[in-house]
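S.K.: Can you keep this structure in mind? I'll have questions shortly.
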Amino acid sequence: MAKVYYNAEANENFFNNKKVAVIGYGSQGHAHAQNLRDSGVDVIIGIRKGKSFDKAVEDGFNVYTVKEAAEQADVIMNLLPDETQPKVYQEEIKPVLRAGQALMFAHGFNVHFNQIVPPADVDVLLVAPKGPGHLVRRTYEQGAGVPALFAIYQNVTGEARELALAYARGIGSLRAGGLETTFQEETETDLFGEQAVLCGGLTALVKAGFETLTEAGYQPEVAYFECLHELKLIIDLMYEGGMENMRYSISDTAQWGDFVSGPRVVTETTKEAMKAILKDIQDGEFAKGWILENQANRPVFNAINNRENQHQIEVVGRELRKMMPFVKPQQKEKEVVAVA
Ligand code: NDP
Ligand code: MG
Ligand code: MG
């Protein structure tokens, strides 16, 4: 088992006389900023004018432009959407970066794929909680925390590791535990997980099951319950106790079907496809496609998104969920599980 870091391994005085600028006040930003503040850290926010800006002011923070915040801080945590970070870095952070400052991230994408190339005289590290922002905040308030990965990319001051642990402690993550990784490992596994399993693999599986039933003449409403709605129960059981716990709770018939039919759905061919996906991630092919797609203002992203939202499973789901007022999005905030 890899070494797990807890509060005791972090220097609780690390942030004395240091200022942290949290850049962005979205899902992760609001949680990091509030948790750090509650942990006694001097936090300011850097953000453009708009919804998040107003929210940060309302929450009692001193709010500045990204440039002003980066200039004042010792530690700069980048929590803008990954696609907008390079431009904002180039225009507002890079011009004011000083030797010895620390540049932090919650995902390695931009540094690993060279979309942000930090100067050689700053520390570069990441602390990535394995959960969406609202969970990072809620668990902190409950006295617990969401586990985090941390990684050091550049350690010029010799203090980058201490900072990573102190930061992870400040957001509550070392109450649960911290694991060390690298920018490469964090980036590639994050992309692979969301593409092959958590988002891409799962939605494709659900749609294929739904379509198989409806094309065979079964009612879409029934197919929706079987292929989408009931997923939550299964996922919760796996989350709480692995596949063993899930299989303990389902019927023996379901378990037998799981054993004999699962491998007929996800076959060696599927695994070959997963390996090809991983290779595209490792080679930078996926990153290139996504970066170019953004530069072109997302024509393909938007076309697929519109088409997907009109899929029959979505249309029937919207109606069925009206029957279940207890099934509501918890909140509007984007929740990408550690799938961000
Ligand atoms: P969000 O989209 O929730 O928030 C982005 C924030 O950046 C908003 O406050 C937005 O403000 C602001 N912003 C957007 N564009 C600009 C701009 N041009 N200039 C200034 N501010 C801007 O992002 P997340 O919190 O989801 O992601 C932040 C980072 O955390 C990413 O690196 C992501 O990979 C990582 N991460 C995310 C996780 C998650 O579950 N969400 C989990 C772990 C890591 P406005 O209201 O004005 O749009
Ligand atoms: Mg059943
Ligand atoms: Mg991700």
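Chain labels follow the order of the structure tokens: the first chain is A, the next B, and so on; residue numbering restarts at 1 in every chain, and ligands are counted from 1 in their shown order.
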With only C-alpha atoms and all ligand atoms counted, collect every polymer residue having an atom within 6 Å of ligand 1; state the result as a ChimeraX atom specification.
M.R.: /A:24-29,47-48,50-52,79-82,84,106-107,128-133,335-340
S.K.: Can you write out the residues you just picked, keeping N, CA and C atoms, as a short mmCIF file (atom, residue, chain, number, x, y, z; two decimals), in the first residue's frame?
M.R.:
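Dumped to part.cif:
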data_model
loop_
_atom_site.label_atom_id
_atom_site.label_comp_id
_atom_site.auth_asym_id
_atom_site.auth_seq_id
_atom_site.Cartn_x
_atom_site.Cartn_y
_atom_site.Cartn_z
N GLY A 24 -10.14 31.94 -9.18
CA GLY A 24 -11.39 31.26 -9.54
C GLY A 24 -12.19 30.96 -8.28
N TYR A 25 -13.49 31.08 -8.40
CA TYR A 25 -14.35 30.83 -7.22
C TYR A 25 -15.53 29.97 -7.66
N GLY A 26 -15.21 28.87 -8.34
CA GLY A 26 -16.25 27.94 -8.79
C GLY A 26 -16.33 26.75 -7.85
N SER A 27 -16.49 25.58 -8.46
CA SER A 27 -16.66 24.36 -7.68
C SER A 27 -15.50 24.17 -6.68
N GLN A 28 -14.30 24.09 -7.17
CA GLN A 28 -13.15 23.89 -6.28
C GLN A 28 -12.79 25.19 -5.56
N GLY A 29 -12.82 26.31 -6.29
CA GLY A 29 -12.36 27.57 -5.73
C GLY A 29 -13.05 27.95 -4.43
N ILE A 47 -10.34 36.90 -9.51
CA ILE A 47 -11.42 36.45 -10.40
C ILE A 47 -11.88 37.61 -11.27
N ARG A 48 -12.45 37.26 -12.45
CA ARG A 48 -13.04 38.30 -13.29
C ARG A 48 -14.37 38.75 -12.66
N GLY A 50 -18.23 39.17 -12.30
CA GLY A 50 -19.30 38.27 -12.70
C GLY A 50 -19.90 37.55 -11.50
N LYS A 51 -20.54 36.43 -11.79
CA LYS A 51 -21.27 35.69 -10.76
C LYS A 51 -20.36 35.25 -9.61
N SER A 52 -19.24 34.66 -9.98
CA SER A 52 -18.33 34.16 -8.94
C SER A 52 -17.75 35.30 -8.12
N LEU A 79 -7.55 27.78 -10.04
CA LEU A 79 -8.78 27.00 -10.04
C LEU A 79 -9.79 27.54 -11.04
N LEU A 80 -9.26 27.99 -12.18
CA LEU A 80 -10.12 28.33 -13.31
C LEU A 80 -10.37 27.06 -14.09
N PRO A 81 -11.36 27.06 -15.00
CA PRO A 81 -11.54 25.88 -15.86
C PRO A 81 -10.21 25.61 -16.59
N ASP A 82 -9.88 24.36 -16.77
CA ASP A 82 -8.60 24.01 -17.38
C ASP A 82 -8.42 24.67 -18.75
N THR A 84 -9.42 27.56 -19.78
CA THR A 84 -9.16 29.01 -19.78
C THR A 84 -7.86 29.36 -19.04
N ALA A 106 -4.94 22.10 -9.38
CA ALA A 106 -5.70 20.97 -8.84
C ALA A 106 -5.84 19.87 -9.89
N HIS A 107 -5.18 20.06 -11.01
CA HIS A 107 -5.17 19.07 -12.09
C HIS A 107 -3.92 19.35 -12.92
N ALA A 128 -4.87 17.85 -5.56
CA ALA A 128 -6.13 17.54 -6.24
C ALA A 128 -7.04 16.70 -5.35
N PRO A 129 -8.06 17.36 -4.76
CA PRO A 129 -9.00 16.58 -3.96
C PRO A 129 -9.75 15.60 -4.86
N LYS A 130 -9.98 14.40 -4.36
CA LYS A 130 -10.69 13.40 -5.17
C LYS A 130 -12.19 13.52 -4.94
N GLY A 131 -12.72 14.71 -5.20
CA GLY A 131 -14.15 14.92 -5.05
C GLY A 131 -14.53 16.30 -5.51
N PRO A 132 -15.80 16.51 -5.83
CA PRO A 132 -16.25 17.82 -6.27
C PRO A 132 -16.19 18.83 -5.13
N GLY A 133 -16.19 20.11 -5.51
CA GLY A 133 -16.01 21.17 -4.53
C GLY A 133 -17.01 21.16 -3.39
N GLU A 335 -20.94 19.24 -10.75
CA GLU A 335 -20.34 18.22 -9.90
C GLU A 335 -19.74 17.13 -10.78
N VAL A 336 -18.47 17.18 -10.92
CA VAL A 336 -17.87 16.23 -11.84
C VAL A 336 -17.15 15.13 -11.08
N VAL A 337 -17.60 14.89 -9.89
CA VAL A 337 -17.00 13.88 -9.01
C VAL A 337 -15.50 14.04 -9.15
N ALA A 338 -14.67 13.35 -8.85
CA ALA A 338 -13.27 13.59 -9.11
C ALA A 338 -13.03 13.40 -10.58
N VAL A 339 -14.08 13.63 -11.30
CA VAL A 339 -14.03 13.39 -12.73
C VAL A 339 -13.75 14.67 -13.45
N ALA A 340 -13.43 15.72 -12.68
CA ALA A 340 -13.29 17.01 -13.32
C ALA A 340 -12.15 17.00 -14.32
#
S.K.: Got a sec to check which residues lie within 12 Å of ligand 2, using only C-alpha atoms and all ligand atoms, and send them as an NGL selection string?
M.R.: :A and (222-231 or 233-234 or 250-255 or 257-258)
S.K.: Show which residues sit within 12 Å of Lys67 of chain A, as an MDAnalysis selection string. Count only C-alpha atoms, and ignore same-chain residues fewer than 5 positions away.
M.R.: chainID A and resid 21:23 44:48 72:73 76 88:97
S.K.: Have a look at A:Ala144, A:Val117, A:Ala151, A:Cys199 and name the one nearest to ligand 3; count only C-alpha atoms and all ligand atoms.
M.R.: A:Cys199
S.K.: Between A:Thr189, A:Thr267, A:Thr65, A:Thr214, which has the minimum distance to ligand 3 (counting only C-alpha atoms and all ligand atoms)?
M.R.: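 Ranked by minimum distance to ligand 3, first place goes to A:Thr189.
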S.K.: Smallest atom-to-atom distance to ligand 3: which of A:Leu174, A:Thr270, A:Phe192, A:Pro263, using only C-alpha atoms and all ligand atoms?
M.R.: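 With only C-alpha atoms and all ligand atoms as the atom set, the closest residue is A:Phe192.
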S.K.: Run DSSP on the backbone and tell me which residues of segment 153-274 of chain A come out as strand (DSSP E or B); list them as a list in words.
M.R.: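 Filtering segment 153-274 of chain A down to strand (DSSP E or B) leaves Tyr153, Gln154, Gly178, Leu179 and Glu180 of chain A.
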S.K.: What lies within 8 Å of segment 14-18 of chain A using only C-alpha atoms, ignoring chain neighbours under 6 positions off, as a PDB file with C-alpha atoms, in the first residue's frame?
M.R.:
ATOM      1  CA  VAL A  41      -4.863  30.796   6.323  1.00  0.00           C
ATOM      2  CA  ASP A  42      -4.776  34.316   4.854  1.00  0.00           C
ATOM      3  CA  ALA A  73       0.293  36.334  -2.932  1.00  0.00           C
ATOM      4  CA  ASP A  74       3.053  33.927  -1.997  1.00  0.00           C
ATOM      5  CA  VAL A  75       1.030  30.977  -3.230  1.00  0.00           C
ATOM      6  CA  GLU A 162       5.897  21.196   2.827  1.00  0.00           C
ATOM      7  CA  LEU A 163       3.518  23.532   1.002  1.00  0.00           C
ATOM      8  CA  ALA A 166       0.169  22.147   4.447  1.00  0.00           C
TER       9      ALA A 166
END
S.K.: Give me the residues near segment 283-287 of chain A as a ChimeraX atom specification, where near means some atom within 10 Å (using only C-alpha atoms) and where sequence neighbours in that chain fewer than 2 positions away do not count.
M.R.: /A:109-110,112-113,115,188,191,277-281,289-293
S.K.: Take the residues from that selection and write them out as a CSV table (one decimal), in the first residue's frame, keeping N, CA and C atoms.
M.R.:
chain,number,residue,atom,x,y,z
A,109,PHE,N,-3.2,18.8,-16.1
A,109,PHE,CA,-3.3,18.9,-17.6
A,109,PHE,C,-2.5,20.0,-18.2
A,110,ASN,N,-2.6,21.2,-17.8
A,110,ASN,CA,-1.9,22.3,-18.5
A,110,ASN,C,-0.4,22.3,-18.4
A,112,HIS,N,1.4,19.4,-17.6
A,112,HIS,CA,1.9,18.2,-18.3
A,112,HIS,C,1.9,18.3,-19.8
A,113,PHE,N,0.9,18.9,-20.4
A,113,PHE,CA,0.8,19.1,-21.8
A,113,PHE,C,1.4,20.4,-22.3
A,115,GLN,N,0.8,23.5,-21.8
A,115,GLN,CA,-0.1,24.7,-22.2
A,115,GLN,C,0.3,25.8,-21.2
A,188,GLU,N,-2.9,11.7,-16.6
A,188,GLU,CA,-3.2,10.6,-17.5
A,188,GLU,C,-4.3,9.7,-16.9
A,191,LEU,N,-7.7,11.6,-17.0
A,191,LEU,CA,-8.3,11.6,-18.3
A,191,LEU,C,-8.9,10.2,-18.7
A,277,ILE,N,-7.4,4.2,-26.1
A,277,ILE,CA,-7.8,5.5,-25.5
A,277,ILE,C,-6.6,5.9,-24.6
A,278,LEU,N,-6.1,5.0,-23.9
A,278,LEU,CA,-4.9,5.4,-23.0
A,278,LEU,C,-3.7,5.8,-23.8
A,279,LYS,N,-3.5,5.2,-24.9
A,279,LYS,CA,-2.4,5.6,-25.7
A,279,LYS,C,-2.5,7.0,-26.3
A,280,ASP,N,-3.8,7.3,-26.7
A,280,ASP,CA,-4.1,8.6,-27.2
A,280,ASP,C,-3.8,9.7,-26.2
A,281,ILE,N,-4.1,9.3,-24.9
A,281,ILE,CA,-3.9,10.2,-23.8
A,281,ILE,C,-2.4,10.4,-23.6
A,289,GLY,N,-6.5,17.3,-29.6
A,289,GLY,CA,-7.9,17.5,-30.1
A,289,GLY,C,-8.7,18.4,-29.3
A,290,TRP,N,-8.6,18.3,-28.0
A,290,TRP,CA,-9.4,19.1,-27.1
A,290,TRP,C,-9.0,20.6,-27.1
A,291,ILE,N,-7.7,20.8,-27.2
A,291,ILE,CA,-7.1,22.2,-27.2
A,291,ILE,C,-7.6,22.8,-28.5
A,292,LEU,N,-7.5,22.1,-29.7
A,292,LEU,CA,-7.9,22.7,-31.0
A,292,LEU,C,-9.4,22.9,-31.0
A,293,GLU,N,-10.2,22.0,-30.4
A,293,GLU,CA,-11.6,22.1,-30.3
A,293,GLU,C,-12.0,23.4,-29.6
